[in-house]
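Text of input_5.cif, listed as mmCIF, C-alpha atoms and all ligand atoms:
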```cif
data_final
#
loop_
_atom_site.label_atom_id
_atom_site.label_comp_id
_atom_site.auth_asym_id
_atom_site.auth_seq_id
_atom_site.Cartn_x
_atom_site.Cartn_y
_atom_site.Cartn_z
CA MET A 1394 18.40 2.24 -12.25
CA LYS A 1395 17.34 5.51 -13.85
CA LEU A 1396 16.50 9.00 -12.70
CA ASN A 1397 12.95 10.00 -13.60
CA LYS A 1398 13.71 13.53 -14.76
CA ASN A 1399 10.09 14.34 -15.41
CA ARG A 1400 9.18 13.75 -11.76
CA VAL A 1401 12.18 15.77 -10.57
CA LYS A 1402 11.11 18.64 -12.82
CA LYS A 1403 7.55 18.47 -11.53
CA PHE A 1404 8.70 18.54 -7.92
CA PHE A 1405 10.85 21.65 -8.37
CA SER A 1406 8.10 23.41 -10.30
CA MET A 1407 5.82 22.95 -7.28
CA ALA A 1408 8.29 23.48 -4.42
CA ASN A 1409 10.08 26.76 -3.86
CA VAL A 1410 13.37 25.17 -2.79
CA ASP A 1411 16.85 24.56 -4.16
CA ALA A 1412 17.20 20.95 -3.11
CA LEU A 1413 15.36 17.94 -1.74
CA LEU A 1414 16.95 15.47 0.66
CA ILE A 1415 15.09 12.20 1.25
CA ARG A 1416 15.58 8.75 2.72
CA ASP A 1417 12.32 6.85 2.38
CA GLU A 1418 10.16 5.31 -0.35
CA ASN A 1419 10.29 8.61 -2.23
CA VAL A 1420 13.80 7.69 -3.36
CA ASN A 1421 12.15 5.00 -5.48
CA TYR A 1422 9.74 7.60 -6.81
CA PHE A 1423 12.55 9.67 -8.31
CA ILE A 1424 14.91 6.80 -9.15
CA GLU A 1425 13.23 3.94 -10.89
CA SER A 1426 14.86 0.70 -9.87
CA ASN A 1427 13.89 -2.87 -9.13
CA LYS A 1428 15.77 -2.51 -5.85
CA ASP A 1429 14.35 -0.96 -2.73
CA LEU A 1430 16.39 2.25 -2.35
CA SER A 1431 14.49 3.65 0.63
CA GLU A 1432 17.42 3.16 3.03
CA ASN A 1433 19.71 5.48 1.07
CA TRP A 1434 19.89 9.26 1.16
CA LEU A 1435 19.04 10.96 -2.11
CA PHE A 1436 20.05 14.57 -2.64
CA LEU A 1437 18.20 16.14 -5.53
CA LYS A 1438 18.50 19.42 -7.34
CA GLU A 1439 16.86 20.37 -10.60
CA ASN A 1440 19.97 19.26 -12.49
CA LYS A 1441 21.73 17.06 -9.99
CA ALA A 1442 21.10 13.77 -8.24
CA VAL A 1443 23.44 12.22 -5.67
CA LEU A 1444 22.63 8.88 -4.05
CA PHE A 1445 24.54 8.08 -0.85
CA CYS A 1446 24.88 4.36 -0.14
CA SER A 1447 26.73 2.35 2.43
CA GLN A 1448 29.84 0.45 1.34
CA LEU A 1449 27.91 -2.79 1.82
CA SER A 1450 24.93 -1.78 -0.27
CA PRO A 1451 24.01 -3.93 -3.30
CA VAL A 1452 23.31 -0.75 -5.28
CA GLU A 1453 25.37 -0.52 -8.46
CA THR A 1454 28.08 2.13 -8.70
CA LYS A 1455 27.00 3.61 -12.02
CA ALA A 1456 23.65 4.87 -13.21
CA LYS A 1457 22.53 7.29 -15.86
CA GLY A 1458 22.10 10.80 -14.51
CA ILE A 1459 22.86 9.81 -10.91
CA GLU A 1460 26.07 10.31 -9.01
CA ILE A 1461 26.47 7.36 -6.64
CA VAL A 1462 28.60 7.84 -3.54
CA LYS A 1463 29.55 4.79 -1.49
CA LEU A 1464 30.07 6.41 1.89
CA LYS A 1465 33.12 5.65 3.97
CA SER A 1466 31.77 7.56 6.96
CA LYS A 1467 28.79 9.61 8.10
CA LYS A 1468 31.10 12.60 8.27
CA GLU A 1469 31.56 12.46 4.53
CA PHE A 1470 27.81 12.84 4.06
CA LEU A 1471 27.47 15.63 6.61
CA SER A 1472 30.33 17.65 5.17
CA PHE A 1473 28.68 17.35 1.74
CA LEU A 1474 25.52 18.88 3.25
CA ASP A 1475 27.49 21.60 5.04
CA LYS A 1476 28.65 22.88 1.68
CA GLU A 1477 25.08 23.27 0.40
CA LYS A 1478 23.91 26.80 1.00
CA GLY A 1479 20.47 26.83 -0.66
CA LYS A 1480 16.99 26.10 0.74
CA ILE A 1481 16.66 22.37 1.39
CA ALA A 1482 13.42 20.42 1.71
CA LEU A 1483 13.00 17.22 3.73
CA ASN A 1484 10.11 14.82 4.22
CA PHE A 1485 9.46 15.51 7.91
CA SER A 1486 7.05 12.58 8.23
CA SER A 1487 9.74 9.97 7.63
CA LEU A 1488 12.52 11.45 9.78
CA THR A 1489 12.98 11.22 13.52
CA LEU A 1490 13.66 14.47 15.34
CA ASN A 1491 17.07 13.12 16.16
CA THR A 1492 17.99 12.45 12.52
CA LYS A 1493 16.65 15.84 11.51
CA LYS A 1494 18.82 17.52 14.12
CA LYS A 1495 21.93 15.61 13.07
CA LEU A 1496 21.62 16.90 9.52
CA ARG A 1497 22.37 20.40 10.87
CA LEU A 1498 20.33 22.15 8.18
CA LYS A 1499 19.49 25.80 8.81
CA ARG A 1500 15.79 26.04 8.04
CA PRO A 1501 14.61 22.89 6.32
CA ILE A 1502 11.23 22.98 4.59
CA ASN A 1503 8.69 20.17 4.77
CA ALA A 1504 8.14 18.59 1.35
CA GLU A 1505 5.56 16.05 2.49
CA LYS A 1506 2.50 17.75 1.00
CA ILE A 1507 4.05 18.19 -2.42
CA LEU A 1508 5.41 14.64 -2.47
CA GLY A 1509 1.95 13.39 -1.47
CA LYS A 1510 0.28 15.42 -4.19
CA LEU A 1511 2.65 14.04 -6.81
CA ARG A 1512 2.32 10.45 -5.68
CA ALA A 1513 -1.47 10.56 -5.30
CA VAL A 1514 -1.93 10.66 -9.05
CA LYS A 1515 -0.35 7.59 -10.56
CA GLU A 1516 1.17 7.33 -14.00
CA GLU A 1517 0.31 4.40 -16.28
CA LYS A 1518 3.69 2.83 -15.51
CA GLU A 1519 2.97 2.85 -11.76
CA ILE A 1520 -0.54 1.48 -12.26
CA GLY A 1521 0.97 -1.30 -14.38
CA ARG A 1522 3.23 -2.34 -11.51
CA ILE A 1523 0.42 -2.35 -8.97
CA LYS A 1524 -1.61 -4.41 -11.42
CA ILE A 1525 1.11 -7.06 -11.67
CA ALA A 1526 1.33 -7.17 -7.86
CA GLN A 1527 -2.46 -7.61 -7.74
CA LYS A 1528 -2.31 -10.43 -10.31
CA ILE A 1529 0.28 -12.32 -8.26
CA ALA A 1530 -1.91 -11.91 -5.18
CA GLU A 1531 -4.95 -13.08 -7.10
CA ARG A 1532 -3.19 -16.27 -8.19
CA LEU A 1533 -2.16 -16.89 -4.61
CA ILE A 1534 -5.68 -16.36 -3.29
CA ASN A 1535 -6.97 -18.88 -5.82
CA LYS A 1536 -4.57 -21.49 -4.38
CA VAL A 1537 -5.95 -21.23 -0.85
CA PRO A 1538 -8.48 -24.12 -1.09
CA GLN A 1539 -5.83 -26.59 -2.30
CA LEU A 1540 -3.29 -25.55 0.37
CA ILE A 1541 -5.59 -26.48 3.24
CA GLU A 1542 -5.42 -30.07 4.46
CA ARG A 1543 -7.23 -31.69 7.32
CA ASN A 1544 -4.92 -30.43 10.07
CA THR A 1545 -3.49 -27.25 8.56
CA THR A 1546 -3.09 -24.50 11.11
CA GLU A 1547 -3.51 -20.76 10.58
CA ALA A 1548 0.23 -20.23 11.05
CA GLU A 1549 1.02 -22.97 8.53
CA LEU A 1550 -1.29 -21.56 5.88
CA LYS A 1551 0.21 -18.11 6.40
CA ALA A 1552 3.75 -19.50 6.06
CA LEU A 1553 2.79 -21.52 2.97
CA LEU A 1554 1.31 -18.47 1.26
CA GLU A 1555 4.35 -16.33 2.07
CA PHE A 1556 6.68 -19.14 0.95
CA GLU A 1557 4.93 -19.35 -2.43
CA VAL A 1558 5.87 -15.70 -2.99
CA LYS A 1559 9.34 -15.59 -1.46
CA ARG A 1560 10.59 -18.74 -3.20
CA LYS A 1561 10.34 -16.76 -6.44
CA ALA A 1562 12.36 -13.88 -4.97
CA ILE A 1563 9.26 -11.72 -4.87
CA ASP A 1564 8.63 -9.55 -1.81
CA THR A 1565 5.53 -9.48 0.32
CA ALA A 1566 4.15 -6.00 1.02
CA PHE A 1567 3.25 -6.85 4.65
CA GLU A 1568 2.82 -9.83 6.92
CA PHE A 1569 -0.11 -11.84 5.60
CA ILE A 1570 -3.22 -12.28 7.69
CA VAL A 1571 -4.78 -15.73 8.00
CA ALA A 1572 -7.58 -15.86 10.56
CA SER A 1573 -10.28 -18.46 11.00
CA GLY A 1574 -13.44 -18.76 13.04
CA ARG A 1575 -13.81 -16.16 15.79
CA ASN A 1576 -10.25 -14.98 15.15
CA SER A 1577 -11.43 -13.56 11.80
CA SER A 1578 -13.49 -10.96 13.65
CA ILE A 1579 -10.27 -9.09 14.53
CA PRO A 1580 -9.39 -6.76 11.62
CA HIS A 1581 -5.62 -7.15 12.03
CA ALA A 1582 -5.63 -10.66 13.44
CA LEU A 1583 -2.54 -12.69 14.28
CA SER A 1584 -2.23 -16.26 13.04
CA PHE A 1585 -1.98 -18.99 15.64
CA ASN A 1586 -0.61 -22.49 15.82
CA LYS A 1587 -4.18 -23.67 15.85
CA LYS A 1588 -6.02 -25.86 13.38
CA ILE A 1589 -8.11 -23.82 10.95
CA ARG A 1590 -11.56 -23.85 12.38
CA ASN A 1591 -14.88 -24.18 10.63
CA GLY A 1592 -16.42 -20.87 9.78
CA PHE A 1593 -15.17 -17.79 8.00
CA LEU A 1594 -11.51 -17.86 6.94
CA LEU A 1595 -10.15 -14.39 6.28
CA ILE A 1596 -7.01 -14.01 4.17
CA ASP A 1597 -5.35 -10.63 3.59
CA LEU A 1598 -2.21 -10.49 1.48
CA GLY A 1599 -0.02 -8.01 -0.30
CA ILE A 1600 2.78 -8.33 -2.85
CA LYS A 1601 5.49 -5.87 -3.81
CA TRP A 1602 6.35 -5.71 -7.49
CA LYS A 1603 9.17 -3.35 -8.43
CA ASN A 1604 8.50 -1.45 -5.20
CA TYR A 1605 4.73 -1.12 -5.79
CA CYS A 1606 2.29 -2.78 -3.41
CA SER A 1607 -0.91 -4.74 -3.74
CA ASP A 1608 -3.50 -5.45 -1.06
CA THR A 1609 -6.19 -8.13 -1.39
CA SER A 1610 -8.54 -9.74 1.12
CA ARG A 1611 -10.82 -12.67 0.54
CA THR A 1612 -13.06 -14.50 2.95
CA PHE A 1613 -13.63 -18.21 2.44
CA PHE A 1614 -15.89 -20.48 4.43
CA VAL A 1615 -14.52 -23.70 5.92
CA GLY A 1616 -17.37 -26.18 6.14
CA LYS A 1617 -20.94 -25.41 5.18
CA ALA A 1618 -22.18 -21.87 5.68
CA THR A 1619 -25.61 -21.32 7.18
CA ARG A 1620 -28.14 -19.07 5.49
CA LYS A 1621 -27.34 -16.30 7.91
CA GLU A 1622 -23.61 -16.53 7.20
CA ARG A 1623 -24.29 -16.40 3.46
CA GLU A 1624 -26.49 -13.37 4.00
CA ILE A 1625 -23.71 -11.55 5.87
CA TYR A 1626 -21.27 -12.28 3.07
CA LYS A 1627 -23.72 -11.11 0.41
CA LYS A 1628 -24.34 -7.86 2.27
CA VAL A 1629 -20.63 -7.07 2.49
CA LEU A 1630 -20.29 -7.77 -1.22
CA LYS A 1631 -23.26 -5.50 -1.90
CA LEU A 1632 -21.58 -2.70 0.09
CA LYS A 1633 -18.42 -3.21 -1.93
CA GLU A 1634 -20.24 -2.96 -5.24
CA LEU A 1635 -22.09 0.11 -4.04
CA ALA A 1636 -18.80 1.71 -2.96
CA GLU A 1637 -17.19 0.99 -6.32
CA GLU A 1638 -20.14 2.59 -8.15
CA ASN A 1639 -19.83 5.69 -5.96
CA ILE A 1640 -16.13 6.35 -6.53
CA ARG A 1641 -15.79 8.95 -9.29
CA PRO A 1642 -13.49 11.90 -9.96
CA GLY A 1643 -14.68 15.04 -8.19
CA GLU A 1644 -16.40 13.19 -5.33
CA LYS A 1645 -15.25 13.77 -1.76
CA ALA A 1646 -13.72 10.67 -0.16
CA ALA A 1647 -15.29 11.50 3.23
CA GLU A 1648 -18.75 11.69 1.64
CA ILE A 1649 -18.34 8.29 0.01
CA PHE A 1650 -17.29 6.88 3.38
CA GLU A 1651 -20.37 8.42 5.04
CA ARG A 1652 -22.70 7.08 2.36
CA ILE A 1653 -21.41 3.52 2.59
CA ASN A 1654 -21.22 3.69 6.38
CA LYS A 1655 -24.90 4.65 6.46
CA GLU A 1656 -25.70 1.62 4.30
CA ALA A 1657 -23.59 -0.57 6.59
CA LYS A 1658 -25.64 0.59 9.57
CA LYS A 1659 -28.83 -0.18 7.67
CA ILE A 1660 -28.05 -3.59 6.19
CA LEU A 1661 -25.30 -4.99 8.43
CA LYS A 1662 -26.56 -3.33 11.64
CA GLN A 1663 -23.06 -2.07 12.36
CA GLU A 1664 -20.77 0.79 11.38
CA LEU A 1665 -17.60 0.28 9.37
CA LYS A 1666 -14.84 -0.49 11.88
CA HIS A 1667 -12.07 0.91 9.68
CA GLY A 1668 -11.75 3.04 6.58
CA LEU A 1669 -13.56 1.89 3.47
CA GLY A 1670 -10.25 2.00 1.61
CA HIS A 1671 -6.88 3.70 1.36
CA GLY A 1672 -4.49 4.93 -1.30
CA ILE A 1673 -1.88 2.36 -2.34
CA GLY A 1674 1.39 2.62 -4.27
CA LEU A 1675 5.00 2.73 -3.09
CA ARG A 1676 3.52 2.12 0.36
CA VAL A 1677 0.59 -0.08 1.30
CA HIS A 1678 -0.97 3.02 2.86
CA ASP A 1679 -0.09 5.58 0.25
CA TYR A 1680 -1.49 8.92 -0.93
CA PRO A 1681 -4.30 9.90 -0.99
CA VAL A 1682 -5.37 8.90 2.52
CA GLY A 1683 -8.67 7.52 1.25
CA PHE A 1684 -12.17 6.83 2.46
CA LEU A 1685 -12.32 7.93 6.08
CA ALA A 1686 -14.78 10.20 7.90
CA ASP A 1687 -12.15 12.95 8.32
CA SER A 1688 -10.49 12.63 4.91
CA LYS A 1689 -9.94 15.86 2.98
CA ASP A 1690 -9.37 14.06 -0.32
CA VAL A 1691 -11.25 14.86 -3.48
CA ILE A 1692 -11.11 11.87 -5.80
CA MET A 1693 -8.97 12.41 -8.88
CA LYS A 1694 -8.36 10.50 -12.07
CA GLY A 1695 -5.23 8.41 -11.53
CA ASN A 1696 -5.83 7.77 -7.82
CA VAL A 1697 -5.39 4.13 -6.84
CA PHE A 1698 -7.35 2.85 -3.84
CA THR A 1699 -8.26 -0.31 -2.02
CA VAL A 1700 -11.98 -0.86 -1.45
CA GLU A 1701 -12.50 -3.02 1.61
CA PRO A 1702 -15.84 -2.94 3.40
CA ALA A 1703 -16.07 -5.52 6.15
CA TYR A 1704 -18.25 -7.07 8.79
CA TYR A 1705 -16.93 -8.12 12.20
CA GLY A 1706 -19.23 -9.91 14.61
CA LYS A 1707 -19.84 -13.00 16.68
CA GLU A 1708 -20.13 -15.07 13.48
CA GLY A 1709 -16.55 -14.03 12.58
CA GLY A 1710 -15.25 -11.54 10.05
CA VAL A 1711 -15.92 -10.94 6.38
CA ARG A 1712 -13.71 -8.60 4.37
CA ILE A 1713 -13.57 -8.37 0.60
CA GLU A 1714 -10.78 -6.15 -0.66
CA ASP A 1715 -9.49 -5.26 -4.09
CA VAL A 1716 -7.55 -2.42 -5.67
CA ILE A 1717 -9.14 -0.01 -8.15
CA VAL A 1718 -7.89 2.86 -10.27
CA VAL A 1719 -9.98 5.98 -10.86
CA LYS A 1720 -10.52 6.66 -14.57
CA SER A 1721 -12.06 9.81 -16.07
CA ARG A 1722 -15.66 8.74 -15.38
CA LYS A 1723 -15.58 5.70 -13.12
CA ILE A 1724 -13.27 3.11 -11.66
CA LYS A 1725 -11.45 0.14 -13.12
CA LYS A 1726 -10.61 -2.95 -11.09
CA LEU A 1727 -6.96 -3.97 -11.10
CA SER A 1728 -7.67 -7.62 -10.34
CA ASN A 1729 -10.35 -10.16 -10.81
CA ALA A 1730 -10.27 -12.73 -8.00
CA PRO A 1731 -13.65 -14.47 -7.54
CA ARG A 1732 -15.98 -12.47 -5.34
CA GLU A 1733 -18.57 -15.06 -4.41
CA LEU A 1734 -18.32 -17.05 -1.18
CA ILE A 1735 -16.21 -20.19 -1.69
CA GLU A 1736 -16.72 -23.10 0.69
CA ILE A 1737 -13.71 -25.26 1.45
MN MN B 1801 -5.95 -2.68 2.91
#
```

Please express the file's structure as structure tokens.
Amino acid sequence: MKLNKNRVKKFFSMANVDALLIRDENVNYFIESNKDLSENWLFLKENKAVLFCSQLSPVETKAKGIEIVKLKSKKEFLSFLDKEKGKIALNFSSLTLNTKKKLRLKRPINAEKILGKLRAVKEEKEIGRIKIAQKIAERLINKVPQLIERNTTEAELKALLEFEVKRKAIDTAFEFIVASGRNSSIPHALSFNKKIRNGFLLIDLGIKWKNYCSDTSRTFFVGKATRKEREIYKKVLKLKELAEENIRPGEKAAEIFERINKEAKKILKQELKHGLGHGIGLRVHDYPVGFLADSKDVIMKGNVFTVEPAYYGKEGGVRIEDVIVVKSRKIKKLSNAPRELIEI
């Protein structure tokens, strides 16, 4: 566990405040740790860092540059805050009104924009973690054909995939999606206690590696795909390749969305039903927001995005999703799972 002084310095050079008080994934942005620290309050000043943990917390009691307080009561924390007279910033987006009120701060300032700006541009170290998470997901995706037996249900396949991760004490970034047949036409489908049906089989999974997330979707075909089904798959893949070619520093995310959406209307005869992709990092949906019609983002070197065009129709759903990082002239893929349609 180590304070990232460089990030602290950057924050205070951008924000006109004396202190920052957070209790969300940003704690892991300023304190690098293999543990998830998002449940603990972190009080930061330019030259001071105090982490407030519960008595039961597995967080160690000593760390370089960080004062760790194992709280005996909430009062202890509040009386610490009462003594702070300077301007304090909070991340309004992660606090309930009730919590905010209980802190009894005079005029707190919202730090969300600055935190978002910092986190939108990833350092090599962060990209490295996302890449490892992507690699683990890729290996898991490649196991799918051998995990399916004659009577495997959606719920079983989902549990098997999650088990493969959790048995190694690795966290999942979200509940996996395993959807077959018509069920695959629902973007955020639930998995049922129902035998995997012939047709498209959509798998969406995410891993957390040292607090950084991955997000990968692949669509398999159970049985033999018809020519039309192959065509649909190929068109989604074509959209994905087109999107990846279009993502460059300086481009507007909303314009890329519009361009690919226009193509989707032309070749798939339908509009994109969700964003073309989102920022990913300490959260699955991270900064920047990503490729949506109303996005204000301008693509920057160091942004990390998912790219996930999809088709949803009566034939089922096809989604092909990977994570990319924006380099100075184009993008680089962070994983290399097979992209062609695999029949099982
Ligand atoms: Mn995604």

- From A:Thr1565, A:Thr1612, A:Ser1466, A:Thr1545, residue lying nearest Ser1577 (chain A) [all atoms listed in the file]: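 For Ser1577 (chain A), the nearest of the given residues is A:Thr1612.
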
Kindly extract all protein, DNA and RNA residues lying within 12 Å of the coordinates (-3.1, 0.5, -12.8) given in the file, considering all atoms listed in the file, and supply them as a PDB file with C-alpha atoms, in the coordinates of the input.
```pdb
ATOM      1  CA  VAL A1514      -1.930  10.660  -9.050  1.00  0.00           C
ATOM      2  CA  LYS A1515      -0.350   7.590 -10.560  1.00  0.00           C
ATOM      3  CA  GLU A1516       1.170   7.330 -14.000  1.00  0.00           C
ATOM      4  CA  GLU A1517       0.310   4.400 -16.280  1.00  0.00           C
ATOM      5  CA  LYS A1518       3.690   2.830 -15.510  1.00  0.00           C
ATOM      6  CA  GLU A1519       2.970   2.850 -11.760  1.00  0.00           C
ATOM      7  CA  ILE A1520      -0.540   1.480 -12.260  1.00  0.00           C
ATOM      8  CA  GLY A1521       0.970  -1.300 -14.380  1.00  0.00           C
ATOM      9  CA  ARG A1522       3.230  -2.340 -11.510  1.00  0.00           C
ATOM     10  CA  ILE A1523       0.420  -2.350  -8.970  1.00  0.00           C
ATOM     11  CA  LYS A1524      -1.610  -4.410 -11.420  1.00  0.00           C
ATOM     12  CA  ILE A1525       1.110  -7.060 -11.670  1.00  0.00           C
ATOM     13  CA  ALA A1526       1.330  -7.170  -7.860  1.00  0.00           C
ATOM     14  CA  GLN A1527      -2.460  -7.610  -7.740  1.00  0.00           C
ATOM     15  CA  LYS A1528      -2.310 -10.430 -10.310  1.00  0.00           C
ATOM     16  CA  TYR A1605       4.730  -1.120  -5.790  1.00  0.00           C
ATOM     17  CA  CYS A1606       2.290  -2.780  -3.410  1.00  0.00           C
ATOM     18  CA  SER A1607      -0.910  -4.740  -3.740  1.00  0.00           C
ATOM     19  CA  ILE A1673      -1.880   2.360  -2.340  1.00  0.00           C
ATOM     20  CA  GLY A1674       1.390   2.620  -4.270  1.00  0.00           C
ATOM     21  CA  LYS A1694      -8.360  10.500 -12.070  1.00  0.00           C
ATOM     22  CA  GLY A1695      -5.230   8.410 -11.530  1.00  0.00           C
ATOM     23  CA  ASN A1696      -5.830   7.770  -7.820  1.00  0.00           C
ATOM     24  CA  VAL A1697      -5.390   4.130  -6.840  1.00  0.00           C
ATOM     25  CA  PHE A1698      -7.350   2.850  -3.840  1.00  0.00           C
ATOM     26  CA  THR A1699      -8.260  -0.310  -2.020  1.00  0.00           C
ATOM     27  CA  VAL A1716      -7.550  -2.420  -5.670  1.00  0.00           C
ATOM     28  CA  ILE A1717      -9.140  -0.010  -8.150  1.00  0.00           C
ATOM     29  CA  VAL A1718      -7.890   2.860 -10.270  1.00  0.00           C
ATOM     30  CA  VAL A1719      -9.980   5.980 -10.860  1.00  0.00           C
ATOM     31  CA  LYS A1720     -10.520   6.660 -14.570  1.00  0.00           C
ATOM     32  CA  ILE A1724     -13.270   3.110 -11.660  1.00  0.00           C
ATOM     33  CA  LYS A1725     -11.450   0.140 -13.120  1.00  0.00           C
ATOM     34  CA  LYS A1726     -10.610  -2.950 -11.090  1.00  0.00           C
ATOM     35  CA  LEU A1727      -6.960  -3.970 -11.100  1.00  0.00           C
ATOM     36  CA  SER A1728      -7.670  -7.620 -10.340  1.00  0.00           C
TER      37      SER A1728
END
```

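For the residues A:Val1682, A:Tyr1626, A:Asp1608, A:Glu1664, ranking by smallest atom-to-atom distance to ligand MN 1801 (chain B) using all atoms listed in the file places A:Asp1608 first.
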
Per residue of chain A within 7 Å of ligand MN 1801 (chain B), record the nearest atom pair and its distance in Å to one decimal, counting all atoms listed in the file, with rows in chain order and ascending residue number, as a tab-separated table.
```
residue	atom	partner	partner_atom	distance
A:Asp1608	CA	B:MN1801	MN	5.4
A:Thr1609	CA	B:MN1801	MN	6.9
A:Gly1670	CA	B:MN1801	MN	6.5
A:His1671	CA	B:MN1801	MN	6.6
A:Thr1699	CA	B:MN1801	MN	5.9
A:Glu1701	CA	B:MN1801	MN	6.7
A:Glu1714	CA	B:MN1801	MN	6.9
```

- Task: One decimal, Å: what's the distance from CA of Lys1465 (chain A) over to CA of Ser1447 (chain A), could you say?
- Result: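 A separation of 7.4 Å between them.
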
- Can you tell me how far CA of Glu1736 (chain A) sits from CA of Glu1638 (chain A), in Å to one decimal?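 Those two atoms sit 27.4 Å apart.
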
- If we count all atoms listed in the file, what is near Ala1618 (chain A) at a cut-off of 12 Å, once residues fewer than 6 positions away on the same chain are taken out, given as a list in words?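 Skipping anything fewer than 6 positions along the chain leaves Gly1574, Asn1591, Gly1592, Phe1593, Leu1594, Glu1624, Ile1625, Tyr1626, Glu1708, Gly1709, Leu1734, Ile1735, Glu1736 and Ile1737 of chain A.
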
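Straight-line separation from CA of Glu1644 (chain A) to CA of Lys1627 (chain A): 26.0 Å.
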
Using 12 Å as the limit and counting only C-alpha atoms, can you tabulate each residue of region 1619-1732 of chain A that touches region 1396-1420 of chain A, with its shortest atom-to-atom distance in Å and the two atoms involved, as CSV?
```
residue,atom,partner,partner_atom,distance
A:Gly1674,CA,A:Glu1418,CA,10.0
A:Leu1675,CA,A:Glu1418,CA,6.4
A:Arg1676,CA,A:Glu1418,CA,7.4
A:Val1677,CA,A:Glu1418,CA,11.1
A:His1678,CA,A:Glu1418,CA,11.8
A:Asp1679,CA,A:Glu1418,CA,10.3
A:Tyr1680,CA,A:Asn1419,CA,11.9
```

- Item | Near-Ile1570 (chain A) list (8 Å; all atoms listed in the file; drop same-chain fewer than 4 positions) as a list in words |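 Non-adjacent residues within range: Lys1551, His1581, Ala1582, Leu1583, Ser1584, Leu1595, Ile1596, Asp1597 and Leu1598 of chain A.
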
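The neighbours of Asn1484 (chain A) here are the residues that come within 7 Å of it, using all atoms listed in the file and leaving out any residue fewer than 6 positions away in the same chain; they are A:Ile1415, A:Asn1503, A:Ala1504, A:Glu1505.
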
- Message: If we count all atoms listed in the file and set the cut-off at 8 Å, which residues sit around Pro1681 (chain A), ignoring sequence neighbours fewer than 4 positions away in its own chain? Please answer as a PyMOL selection string.
- Response: chain A and resi 1509-1510+1513+1671-1672+1690+1696

Next, the residues of the selection above should be written as an mmCIF file, in the frame of the given file with C-alpha atoms.
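Result file follows (again19.cif):
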```
data_model
loop_
_atom_site.group_PDB
_atom_site.id
_atom_site.type_symbol
_atom_site.label_atom_id
_atom_site.label_comp_id
_atom_site.auth_asym_id
_atom_site.auth_seq_id
_atom_site.Cartn_x
_atom_site.Cartn_y
_atom_site.Cartn_z
ATOM 1 C CA GLY A 1509 1.950 13.390 -1.470
ATOM 2 C CA LYS A 1510 0.280 15.420 -4.190
ATOM 3 C CA ALA A 1513 -1.470 10.560 -5.300
ATOM 4 C CA HIS A 1671 -6.880 3.700 1.360
ATOM 5 C CA GLY A 1672 -4.490 4.930 -1.300
ATOM 6 C CA ASP A 1690 -9.370 14.060 -0.320
ATOM 7 C CA ASN A 1696 -5.830 7.770 -7.820
#
```
